[in-house]
file final-v4.cif (mmCIF, C-alpha atoms (C1' of nucleotides))
data_upload
loop_
_atom_site.group_PDB
_atom_site.id
_atom_site.type_symbol
_atom_site.label_atom_id
_atom_site.label_comp_id
_atom_site.auth_asym_id
_atom_site.auth_seq_id
_atom_site.Cartn_x
_atom_site.Cartn_y
_atom_site.Cartn_z
ATOM 1 C CA MET A 1 -4.011 -18.050 3.880
ATOM 2 C CA SER A 2 -2.132 -15.371 2.026
ATOM 3 C CA LEU A 3 -3.757 -12.375 0.440
ATOM 4 C CA SER A 4 -2.766 -13.542 -3.009
ATOM 5 C CA ASP A 5 -4.339 -16.939 -2.474
ATOM 6 C CA PHE A 6 -7.415 -15.294 -1.068
ATOM 7 C CA VAL A 7 -7.900 -13.224 -4.197
ATOM 8 C CA LYS A 8 -7.148 -16.102 -6.519
ATOM 9 C CA GLU A 9 -9.690 -18.246 -4.744
ATOM 10 C CA LYS A 10 -12.388 -15.597 -4.747
ATOM 11 C CA ARG A 11 -11.794 -14.893 -8.393
ATOM 12 C CA ALA A 12 -12.014 -18.590 -9.218
ATOM 13 C CA LEU A 13 -15.310 -18.861 -7.369
ATOM 14 C CA THR A 14 -16.753 -15.955 -9.320
ATOM 15 C CA LYS A 15 -15.313 -17.342 -12.556
ATOM 16 C CA LEU A 16 -13.800 -14.075 -13.595
ATOM 17 C CA THR A 17 -10.666 -13.651 -15.654
ATOM 18 C CA GLN A 18 -7.947 -11.306 -14.482
ATOM 19 C CA PRO A 19 -8.918 -8.638 -17.012
ATOM 20 C CA GLU A 20 -12.551 -8.888 -15.966
ATOM 21 C CA LEU A 21 -11.812 -8.590 -12.257
ATOM 22 C CA ALA A 22 -9.365 -5.769 -12.823
ATOM 23 C CA GLU A 23 -11.936 -3.851 -14.786
ATOM 24 C CA LYS A 24 -14.709 -4.400 -12.254
ATOM 25 C CA ALA A 25 -12.435 -3.321 -9.430
ATOM 26 C CA GLY A 26 -11.197 -0.300 -11.309
ATOM 27 C CA VAL A 27 -7.561 -1.297 -11.075
ATOM 28 C CA GLY A 28 -5.051 -1.985 -13.785
ATOM 29 C CA LEU A 29 -4.400 -5.473 -15.017
ATOM 30 C CA ARG A 30 -0.787 -5.100 -14.002
ATOM 31 C CA PHE A 31 -1.804 -4.408 -10.453
ATOM 32 C CA LEU A 32 -4.163 -7.360 -10.180
ATOM 33 C CA ARG A 33 -1.464 -9.697 -11.393
ATOM 34 C CA GLU A 34 1.059 -8.401 -8.916
ATOM 35 C CA LEU A 35 -1.568 -8.807 -6.228
ATOM 36 C CA GLU A 36 -2.169 -12.433 -7.144
ATOM 37 C CA GLN A 37 1.553 -13.024 -7.251
ATOM 38 C CA GLY A 38 2.099 -11.866 -3.725
ATOM 39 C CA LYS A 39 3.833 -8.545 -4.245
ATOM 40 C CA ALA A 40 4.322 -6.954 -0.847
ATOM 41 C CA THR A 41 4.568 -3.285 -1.795
ATOM 42 C CA LEU A 42 1.025 -2.804 -2.998
ATOM 43 C CA ARG A 43 -1.062 0.212 -2.260
ATOM 44 C CA LEU A 44 -3.647 -0.441 0.389
ATOM 45 C CA ASP A 45 -6.463 1.434 -1.318
ATOM 46 C CA LYS A 46 -6.019 -0.545 -4.520
ATOM 47 C CA VAL A 47 -6.098 -3.827 -2.642
ATOM 48 C CA ASN A 48 -9.294 -2.679 -0.965
ATOM 49 C CA GLN A 49 -10.860 -1.879 -4.314
ATOM 50 C CA VAL A 50 -10.435 -5.516 -5.252
ATOM 51 C CA LEU A 51 -11.460 -7.021 -1.920
ATOM 52 C CA GLY A 52 -14.508 -4.774 -1.859
ATOM 53 C CA LEU A 53 -16.023 -6.707 -4.735
ATOM 54 C CA PHE A 54 -16.006 -9.780 -2.550
ATOM 55 C CA GLY A 55 -17.320 -8.010 0.539
ATOM 56 C CA TYR A 56 -13.938 -7.802 2.211
ATOM 57 C CA GLU A 57 -11.399 -5.168 3.106
ATOM 58 C CA MET A 58 -7.936 -5.132 4.582
ATOM 59 C CA GLY A 59 -7.693 -4.873 8.324
ATOM 60 C CA PRO A 60 -5.380 -5.837 11.176
ATOM 61 C CA VAL A 61 -5.498 -9.504 12.101
ATOM 62 C CA GLU A 62 -3.395 -11.394 14.611
ATOM 63 C CA ARG A 63 -0.336 -12.931 13.066
ATOM 64 C CA ASP A 64 0.105 -16.674 12.572
ATOM 65 C CA ARG A 65 -3.468 -17.342 13.389
ATOM 66 C CA ASN A 66 -4.746 -19.311 10.416
ATOM 67 C CA LEU A 67 -8.294 -18.408 9.608
ATOM 68 C CA LEU A 68 -9.737 -21.763 8.605
ATOM 69 C CA MET B 1 -12.411 0.137 14.224
ATOM 70 C CA SER B 2 -10.273 1.830 11.632
ATOM 71 C CA LEU B 3 -6.666 0.978 10.986
ATOM 72 C CA SER B 4 -5.567 4.402 12.145
ATOM 73 C CA ASP B 5 -7.426 4.065 15.431
ATOM 74 C CA PHE B 6 -6.003 0.599 15.852
ATOM 75 C CA VAL B 7 -2.458 1.876 15.586
ATOM 76 C CA LYS B 8 -3.083 4.865 17.788
ATOM 77 C CA GLU B 9 -4.565 2.641 20.455
ATOM 78 C CA LYS B 10 -1.753 0.108 20.321
ATOM 79 C CA ARG B 11 0.813 2.841 20.465
ATOM 80 C CA ALA B 12 -0.904 4.406 23.452
ATOM 81 C CA LEU B 13 -0.912 1.079 25.271
ATOM 82 C CA THR B 14 2.809 0.650 24.697
ATOM 83 C CA LYS B 15 3.437 4.282 25.659
ATOM 84 C CA LEU B 16 5.557 4.982 22.644
ATOM 85 C CA THR B 17 5.872 8.311 20.895
ATOM 86 C CA GLN B 18 5.464 8.516 17.152
ATOM 87 C CA PRO B 19 9.223 8.886 16.599
ATOM 88 C CA GLU B 20 9.884 5.865 18.807
ATOM 89 C CA LEU B 21 7.367 3.660 17.083
ATOM 90 C CA ALA B 22 8.504 4.777 13.662
ATOM 91 C CA GLU B 23 12.061 3.935 14.477
ATOM 92 C CA LYS B 24 11.240 0.544 15.960
ATOM 93 C CA ALA B 25 9.140 -0.321 12.946
ATOM 94 C CA GLY B 26 11.736 0.886 10.502
ATOM 95 C CA VAL B 27 9.436 3.346 8.795
ATOM 96 C CA GLY B 28 9.695 7.079 8.433
ATOM 97 C CA LEU B 29 8.035 9.405 10.863
ATOM 98 C CA ARG B 30 6.120 10.911 8.002
ATOM 99 C CA PHE B 31 4.681 7.550 7.150
ATOM 100 C CA LEU B 32 3.611 6.718 10.681
ATOM 101 C CA ARG B 33 1.786 10.000 10.960
ATOM 102 C CA GLU B 34 -0.058 9.504 7.717
ATOM 103 C CA LEU B 35 -0.966 6.038 8.934
ATOM 104 C CA GLU B 36 -2.422 7.364 12.159
ATOM 105 C CA GLN B 37 -4.294 10.029 10.225
ATOM 106 C CA GLY B 38 -6.064 7.520 8.033
ATOM 107 C CA LYS B 39 -4.345 8.007 4.706
ATOM 108 C CA ALA B 40 -5.709 5.391 2.327
ATOM 109 C CA THR B 41 -2.894 5.114 -0.184
ATOM 110 C CA LEU B 42 -0.296 3.590 2.092
ATOM 111 C CA ARG B 43 2.042 0.837 1.123
ATOM 112 C CA LEU B 44 0.969 -2.503 2.499
ATOM 113 C CA ASP B 45 4.439 -3.673 3.471
ATOM 114 C CA LYS B 46 5.079 -0.523 5.485
ATOM 115 C CA VAL B 47 1.789 -0.909 7.319
ATOM 116 C CA ASN B 48 2.736 -4.490 8.094
ATOM 117 C CA GLN B 49 6.086 -3.385 9.491
ATOM 118 C CA VAL B 50 4.203 -1.331 12.058
ATOM 119 C CA LEU B 51 1.506 -3.891 12.844
ATOM 120 C CA GLY B 52 4.152 -6.556 13.206
ATOM 121 C CA LEU B 53 5.438 -4.908 16.367
ATOM 122 C CA PHE B 54 2.053 -5.506 17.926
ATOM 123 C CA GLY B 55 1.720 -9.070 16.663
ATOM 124 C CA TYR B 56 -0.646 -8.146 13.849
ATOM 125 C CA GLU B 57 -0.602 -7.963 10.089
ATOM 126 C CA MET B 58 -2.986 -6.790 7.389
ATOM 127 C CA GLY B 59 -5.341 -9.372 6.000
ATOM 128 C CA PRO B 60 -8.760 -9.623 4.382
ATOM 129 C CA VAL B 61 -11.647 -9.248 6.793
ATOM 130 C CA GLU B 62 -15.354 -9.105 6.061
ATOM 131 C CA ARG B 63 -16.597 -5.585 5.604
ATOM 132 C CA ASP B 64 -18.829 -3.788 8.091
ATOM 133 C CA ARG B 65 -17.901 -6.220 10.780
ATOM 134 C CA ASN B 66 -16.504 -4.207 13.659
ATOM 135 C CA LEU B 67 -13.821 -5.962 15.589
ATOM 136 C CA LEU B 68 -14.336 -4.964 19.181
ATOM 137 C "C1'" DC C 1 -2.291 -32.241 -32.052
ATOM 138 C "C1'" DT C 2 -4.146 -27.227 -33.102
ATOM 139 C "C1'" DT C 3 -6.546 -23.222 -31.723
ATOM 140 C "C1'" DT C 4 -8.274 -20.223 -28.343
ATOM 141 C "C1'" DT C 5 -8.161 -18.301 -24.021
ATOM 142 C "C1'" DT C 6 -5.868 -17.001 -20.012
ATOM 143 C "C1'" DT C 7 -1.908 -15.775 -17.451
ATOM 144 C "C1'" DA C 8 3.002 -14.271 -17.000
ATOM 145 C "C1'" DT C 9 6.945 -11.384 -18.186
ATOM 146 C "C1'" DA C 10 9.291 -7.191 -19.870
ATOM 147 C "C1'" DC C 11 9.480 -2.835 -21.153
ATOM 148 C "C1'" DC C 12 8.356 2.698 -20.777
ATOM 149 C "C1'" DC C 13 6.221 6.683 -18.474
ATOM 150 C "C1'" DT C 14 3.885 9.469 -15.131
ATOM 151 C "C1'" DA C 15 2.047 10.307 -10.665
ATOM 152 C "C1'" DA C 16 2.655 9.982 -6.080
ATOM 153 C "C1'" DA C 17 4.277 7.651 -1.774
ATOM 154 C "C1'" DT C 18 8.059 7.833 1.327
ATOM 155 C "C1'" DG C 19 11.862 9.881 3.770
ATOM 156 C "C1'" DG C 20 13.830 13.900 5.566
ATOM 157 C "C1'" DT C 21 13.652 18.335 7.643
ATOM 158 C "C1'" DA C 22 11.946 22.637 9.413
ATOM 159 C "C1'" DT C 23 8.270 25.005 11.439
ATOM 160 C "C1'" DA C 24 3.768 25.417 13.767
ATOM 161 C "C1'" DA C 25 0.353 23.751 16.715
ATOM 162 C "C1'" DA C 26 -1.256 21.202 20.407
ATOM 163 C "C1'" DT C 27 -0.785 18.658 24.649
ATOM 164 C "C1'" DA C 28 1.285 17.484 29.136
ATOM 165 C "C1'" DG C 29 3.943 18.677 33.186
ATOM 166 C "C1'" DT C 30 5.469 21.765 36.774
ATOM 167 C "C1'" DA D 1 0.814 31.231 33.862
ATOM 168 C "C1'" DC D 2 5.348 28.947 31.529
ATOM 169 C "C1'" DT D 3 8.080 25.041 29.714
ATOM 170 C "C1'" DA D 4 8.906 20.701 27.743
ATOM 171 C "C1'" DT D 5 7.206 17.212 25.092
ATOM 172 C "C1'" DT D 6 4.516 15.437 21.518
ATOM 173 C "C1'" DT D 7 2.038 15.820 17.359
ATOM 174 C "C1'" DA D 8 0.681 18.217 13.014
ATOM 175 C "C1'" DT D 9 1.673 20.724 8.765
ATOM 176 C "C1'" DA D 10 4.497 22.148 4.780
ATOM 177 C "C1'" DC D 11 8.077 21.839 1.844
ATOM 178 C "C1'" DC D 12 11.850 19.240 -1.242
ATOM 179 C "C1'" DA D 13 14.097 15.118 -3.334
ATOM 180 C "C1'" DT D 14 14.244 10.348 -4.542
ATOM 181 C "C1'" DT D 15 12.235 6.169 -5.435
ATOM 182 C "C1'" DT D 16 8.818 3.319 -7.155
ATOM 183 C "C1'" DA D 17 4.036 1.654 -7.655
ATOM 184 C "C1'" DG D 18 0.650 1.564 -11.169
ATOM 185 C "C1'" DG D 19 -1.164 1.980 -15.820
ATOM 186 C "C1'" DG D 20 -0.427 0.725 -20.430
ATOM 187 C "C1'" DT D 21 1.190 -2.250 -24.001
ATOM 188 C "C1'" DA D 22 3.495 -5.854 -26.458
ATOM 189 C "C1'" DT D 23 5.240 -10.329 -26.316
ATOM 190 C "C1'" DA D 24 5.822 -15.001 -24.329
ATOM 191 C "C1'" DA D 25 4.293 -18.758 -21.830
ATOM 192 C "C1'" DA D 26 0.861 -21.651 -20.077
ATOM 193 C "C1'" DA D 27 -3.840 -23.658 -19.759
ATOM 194 C "C1'" DA D 28 -8.132 -24.776 -21.591
ATOM 195 C "C1'" DA D 29 -11.096 -25.997 -25.386
ATOM 196 C "C1'" DG D 30 -11.787 -28.052 -29.782
#
call {"tool": "encode", "arguments": {"input": "final-v4.cif", "output": "C-alpha cells"}}
result
Amino acid sequence: MSLSDFVKEKRALTKLTQPELAEKAGVGLRFLRELEQGKATLRLDKVNQVLGLFGYEMGPVERDRNLL
Amino acid sequence: MSLSDFVKEKRALTKLTQPELAEKAGVGLRFLRELEQGKATLRLDKVNQVLGLFGYEMGPVERDRNLL
DNA sequence: CTTTTTTATACCCTAAATGGTATAAATAGT
DNA sequence: ACTATTTATACCATTTAGGGTATAAAAAAG
C-alpha cells in the first residue's frame, strides 16, 4: 500500500476533509494534496506531522513486502 | 531504532564509506551526512534512494514500536 | 437537475534543502 | 608517537518544496 493511499484511507476513516486534516496536522493544504497524490519529493518531517495524527510515522520497511 | 541509526548500521555492515554510499545511492555527500545525523527535514525521495540499496524504503509504521 | 461541498489545478513568493567544496576534527592503522 | 583515512563542520549557489490563493473540476447532498 502506498503512502498516499494510506493517508487517504486514514482520512476517510476519520471523516475529515483535506482542509481539516491539513489544519490539524499543521501543514498547508497544498502539501496534504500533494501527499495524497503521491508526490515523491515531500519533506519527511511534514509527512510525519500528518501520520502522527493517526499514530504512525515514517520508518524503513522492507521493499515489496505488502503489509496486509 | 531511528532512521539515522538504521542507515549507519546498514552502511557499517556493507563496509562502505559515506562518499561511497552517497555515490552509489546517487545523493550528495552532504545529504547522506545529514541523514546519518538525524536531520528531520529531508526529502523523502532522497532517503528512499539510500534505503533502496539495502532493500528498504520509507513507509508508515506504528509509532513507539521499536523494530528490533 | 441544482446547489453545496470537496477536491484538483495553476499561479506567485519565500524559505530552505541539496549539491559542491574547503577546512577541521576525529578515528583507524602502522 | 605519526600518518592515512574517515567523518564533521562551514560556507556559497542553485533549485525547489511548501504556503497561500484563486479558479476549475468533481462529488455529494438536496
call {"tool": "residues_around", "arguments": {"input": "final-v4.cif", "residues": "region 20-28 of chain A", "least_positions_apart": "2", "cutoff": "6 Å", "atoms": "all atoms listed in the file", "output": "ChimeraX atom specification"}}
result
/A:16-18,30-31,49-50 /D:19
call {"tool": "interface_residues", "arguments": {"input": "final-v4.cif", "of": "chain C", "to": "chain A", "cutoff": "12 Å", "atoms": "all atoms listed in the file", "output": "PyMOL selection string"}}
result
chain C and resi 5-10+16-17
call {"tool": "closest_atom_pairs", "arguments": {"input": "final-v4.cif", "of": "chain D", "to": "chain A", "cutoff": "10 Å", "atoms": "only C-alpha atoms (C1' of nucleotides)", "output": "tab-separated table"}}
result
residue	atom	partner	partner_atom	distance
D:DT16	C1'	A:Thr41	CA	9.5
D:DA17	C1'	A:Leu42	CA	7.1
D:DG18	C1'	A:Phe31	CA	6.5
D:DG19	C1'	A:Gly28	CA	5.9
D:DG20	C1'	A:Gly28	CA	8.5
call {"tool": "interface_residues", "arguments": {"input": "final-v4.cif", "of": "chain A", "to": "chain B", "cutoff": "7 Å", "atoms": "only C-alpha atoms", "output": "MDAnalysis selection string"}}
result
chainID A and resid 3 40:45 55:63
call {"tool": "atom_distance", "arguments": {"input": "final-v4.cif", "atom1": "C1' of DA26 (chain C)", "atom2": "C1' of DT7 (chain D)"}}
result
7.0 Å
call {"tool": "resolve_selection", "arguments": {"input": "final-v4.cif", "expression": "the PyMOL selection byres ((chain C and resi 25) around 12)", "output": "VMD selection string"}}
result
(chain C and resid 23 to 24 26 to 27) or (chain D and resid 6 to 9)
call {"tool": "atom_distance", "arguments": {"input": "final-v4.cif", "atom1": "C1' of DT3 (chain C)", "atom2": "CA of Ala12 (chain A)"}}
result
23.6 Å
call {"tool": "atom_distance", "arguments": {"input": "final-v4.cif", "atom1": "CA of Leu32 (chain B)", "atom2": "CA of Leu35 (chain A)"}}
result
23.5 Å
call {"tool": "calpha_fit_and_write", "arguments": {"input": "final-v4.cif", "fixed": "chain A", "moving": "chain B", "output": "short mmCIF file (atom, residue, chain, number, x, y, z; two decimals) with C-alpha atoms, in the frame of the given file"}}
result
data_model
loop_
_atom_site.label_atom_id
_atom_site.label_comp_id
_atom_site.auth_asym_id
_atom_site.auth_seq_id
_atom_site.Cartn_x
_atom_site.Cartn_y
_atom_site.Cartn_z
CA MET B 1 -4.00 -18.08 3.94
CA SER B 2 -2.13 -15.40 2.08
CA LEU B 3 -3.75 -12.39 0.52
CA SER B 4 -2.77 -13.55 -2.94
CA ASP B 5 -4.34 -16.96 -2.41
CA PHE B 6 -7.42 -15.30 -1.01
CA VAL B 7 -7.90 -13.25 -4.14
CA LYS B 8 -7.15 -16.12 -6.46
CA GLU B 9 -9.69 -18.28 -4.67
CA LYS B 10 -12.39 -15.62 -4.68
CA ARG B 11 -11.80 -14.93 -8.31
CA ALA B 12 -12.02 -18.61 -9.14
CA LEU B 13 -15.32 -18.90 -7.29
CA THR B 14 -16.77 -15.99 -9.25
CA LYS B 15 -15.33 -17.38 -12.49
CA LEU B 16 -13.81 -14.11 -13.52
CA THR B 17 -10.68 -13.68 -15.59
CA GLN B 18 -7.96 -11.35 -14.42
CA PRO B 19 -8.93 -8.68 -16.97
CA GLU B 20 -12.57 -8.90 -15.89
CA LEU B 21 -11.81 -8.61 -12.21
CA ALA B 22 -9.36 -5.80 -12.78
CA GLU B 23 -11.90 -3.86 -14.73
CA LYS B 24 -14.69 -4.40 -12.22
CA ALA B 25 -12.42 -3.34 -9.39
CA GLY B 26 -11.15 -0.32 -11.25
CA VAL B 27 -7.52 -1.32 -11.01
CA GLY B 28 -5.00 -2.03 -13.72
CA LEU B 29 -4.40 -5.52 -14.96
CA ARG B 30 -0.79 -5.17 -13.98
CA PHE B 31 -1.79 -4.45 -10.43
CA LEU B 32 -4.16 -7.39 -10.13
CA ARG B 33 -1.48 -9.74 -11.34
CA GLU B 34 1.07 -8.46 -8.88
CA LEU B 35 -1.56 -8.85 -6.19
CA GLU B 36 -2.19 -12.47 -7.08
CA GLN B 37 1.54 -13.09 -7.20
CA GLY B 38 2.09 -11.90 -3.66
CA LYS B 39 3.84 -8.59 -4.20
CA ALA B 40 4.27 -6.98 -0.80
CA THR B 41 4.55 -3.32 -1.73
CA LEU B 42 1.02 -2.82 -2.98
CA ARG B 43 -1.08 0.19 -2.29
CA LEU B 44 -3.66 -0.45 0.39
CA ASP B 45 -6.48 1.42 -1.32
CA LYS B 46 -6.04 -0.56 -4.52
CA VAL B 47 -6.10 -3.84 -2.62
CA ASN B 48 -9.29 -2.70 -0.93
CA GLN B 49 -10.88 -1.89 -4.28
CA VAL B 50 -10.44 -5.54 -5.22
CA LEU B 51 -11.47 -7.03 -1.88
CA GLY B 52 -14.50 -4.79 -1.82
CA LEU B 53 -16.03 -6.72 -4.71
CA PHE B 54 -16.01 -9.80 -2.52
CA GLY B 55 -17.34 -8.03 0.57
CA TYR B 56 -13.94 -7.82 2.24
CA GLU B 57 -11.41 -5.18 3.14
CA MET B 58 -7.92 -5.13 4.62
CA GLY B 59 -7.70 -4.86 8.36
CA PRO B 60 -5.39 -5.81 11.21
CA VAL B 61 -5.51 -9.47 12.15
CA GLU B 62 -3.40 -11.35 14.67
CA ARG B 63 -0.34 -12.88 13.12
CA ASP B 64 0.13 -16.61 12.61
CA ARG B 65 -3.55 -17.19 12.97
CA ASN B 66 -4.71 -18.96 9.83
CA LEU B 67 -8.19 -18.09 8.78
CA LEU B 68 -9.66 -21.27 7.41
#
call {"tool": "build_atoms", "arguments": {"input": "final-v4.cif", "residues": "region 16-31 of chain A", "atoms": "N, CA and C atoms", "output": "PDB file, in the coordinates of the input"}}
result
ATOM      1  N   LEU A  16     -14.209 -15.263 -12.856  1.00  0.00           N
ATOM      2  CA  LEU A  16     -13.800 -14.075 -13.595  1.00  0.00           C
ATOM      3  C   LEU A  16     -12.368 -14.256 -14.071  1.00  0.00           C
ATOM      4  N   THR A  17     -12.059 -13.690 -15.203  1.00  0.00           N
ATOM      5  CA  THR A  17     -10.666 -13.651 -15.654  1.00  0.00           C
ATOM      6  C   THR A  17      -9.981 -12.476 -14.982  1.00  0.00           C
ATOM      7  N   GLN A  18      -8.673 -12.432 -15.062  1.00  0.00           N
ATOM      8  CA  GLN A  18      -7.947 -11.306 -14.482  1.00  0.00           C
ATOM      9  C   GLN A  18      -8.373  -9.980 -15.104  1.00  0.00           C
ATOM     10  N   PRO A  19      -8.470  -9.911 -16.426  1.00  0.00           N
ATOM     11  CA  PRO A  19      -8.918  -8.638 -17.012  1.00  0.00           C
ATOM     12  C   PRO A  19     -10.319  -8.241 -16.541  1.00  0.00           C
ATOM     13  N   GLU A  20     -11.200  -9.224 -16.404  1.00  0.00           N
ATOM     14  CA  GLU A  20     -12.551  -8.888 -15.966  1.00  0.00           C
ATOM     15  C   GLU A  20     -12.559  -8.345 -14.537  1.00  0.00           C
ATOM     16  N   LEU A  21     -11.841  -9.036 -13.652  1.00  0.00           N
ATOM     17  CA  LEU A  21     -11.812  -8.590 -12.257  1.00  0.00           C
ATOM     18  C   LEU A  21     -11.145  -7.223 -12.141  1.00  0.00           C
ATOM     19  N   ALA A  22     -10.057  -7.050 -12.870  1.00  0.00           N
ATOM     20  CA  ALA A  22      -9.365  -5.769 -12.823  1.00  0.00           C
ATOM     21  C   ALA A  22     -10.306  -4.643 -13.245  1.00  0.00           C
ATOM     22  N   GLU A  23     -11.046  -4.900 -14.293  1.00  0.00           N
ATOM     23  CA  GLU A  23     -11.936  -3.851 -14.786  1.00  0.00           C
ATOM     24  C   GLU A  23     -13.044  -3.555 -13.776  1.00  0.00           C
ATOM     25  N   LYS A  24     -13.652  -4.600 -13.242  1.00  0.00           N
ATOM     26  CA  LYS A  24     -14.709  -4.400 -12.254  1.00  0.00           C
ATOM     27  C   LYS A  24     -14.204  -3.643 -11.036  1.00  0.00           C
ATOM     28  N   ALA A  25     -12.994  -3.946 -10.635  1.00  0.00           N
ATOM     29  CA  ALA A  25     -12.435  -3.321  -9.430  1.00  0.00           C
ATOM     30  C   ALA A  25     -11.909  -1.920  -9.707  1.00  0.00           C
ATOM     31  N   GLY A  26     -11.741  -1.612 -10.971  1.00  0.00           N
ATOM     32  CA  GLY A  26     -11.197  -0.300 -11.309  1.00  0.00           C
ATOM     33  C   GLY A  26      -9.705  -0.190 -11.076  1.00  0.00           C
ATOM     34  N   VAL A  27      -9.018  -1.315 -11.192  1.00  0.00           N
ATOM     35  CA  VAL A  27      -7.561  -1.297 -11.075  1.00  0.00           C
ATOM     36  C   VAL A  27      -6.961  -1.800 -12.380  1.00  0.00           C
ATOM     37  N   GLY A  28      -5.704  -1.539 -12.567  1.00  0.00           N
ATOM     38  CA  GLY A  28      -5.051  -1.985 -13.785  1.00  0.00           C
ATOM     39  C   GLY A  28      -4.788  -3.483 -13.741  1.00  0.00           C
ATOM     40  N   LEU A  29      -4.675  -4.045 -14.929  1.00  0.00           N
ATOM     41  CA  LEU A  29      -4.400  -5.473 -15.017  1.00  0.00           C
ATOM     42  C   LEU A  29      -3.058  -5.787 -14.388  1.00  0.00           C
ATOM     43  N   ARG A  30      -2.105  -4.927 -14.601  1.00  0.00           N
ATOM     44  CA  ARG A  30      -0.787  -5.100 -14.002  1.00  0.00           C
ATOM     45  C   ARG A  30      -0.881  -5.245 -12.493  1.00  0.00           C
ATOM     46  N   PHE A  31      -1.666  -4.379 -11.897  1.00  0.00           N
ATOM     47  CA  PHE A  31      -1.804  -4.408 -10.453  1.00  0.00           C
ATOM     48  C   PHE A  31      -2.421  -5.720  -9.986  1.00  0.00           C
TER      49      PHE A  31
END
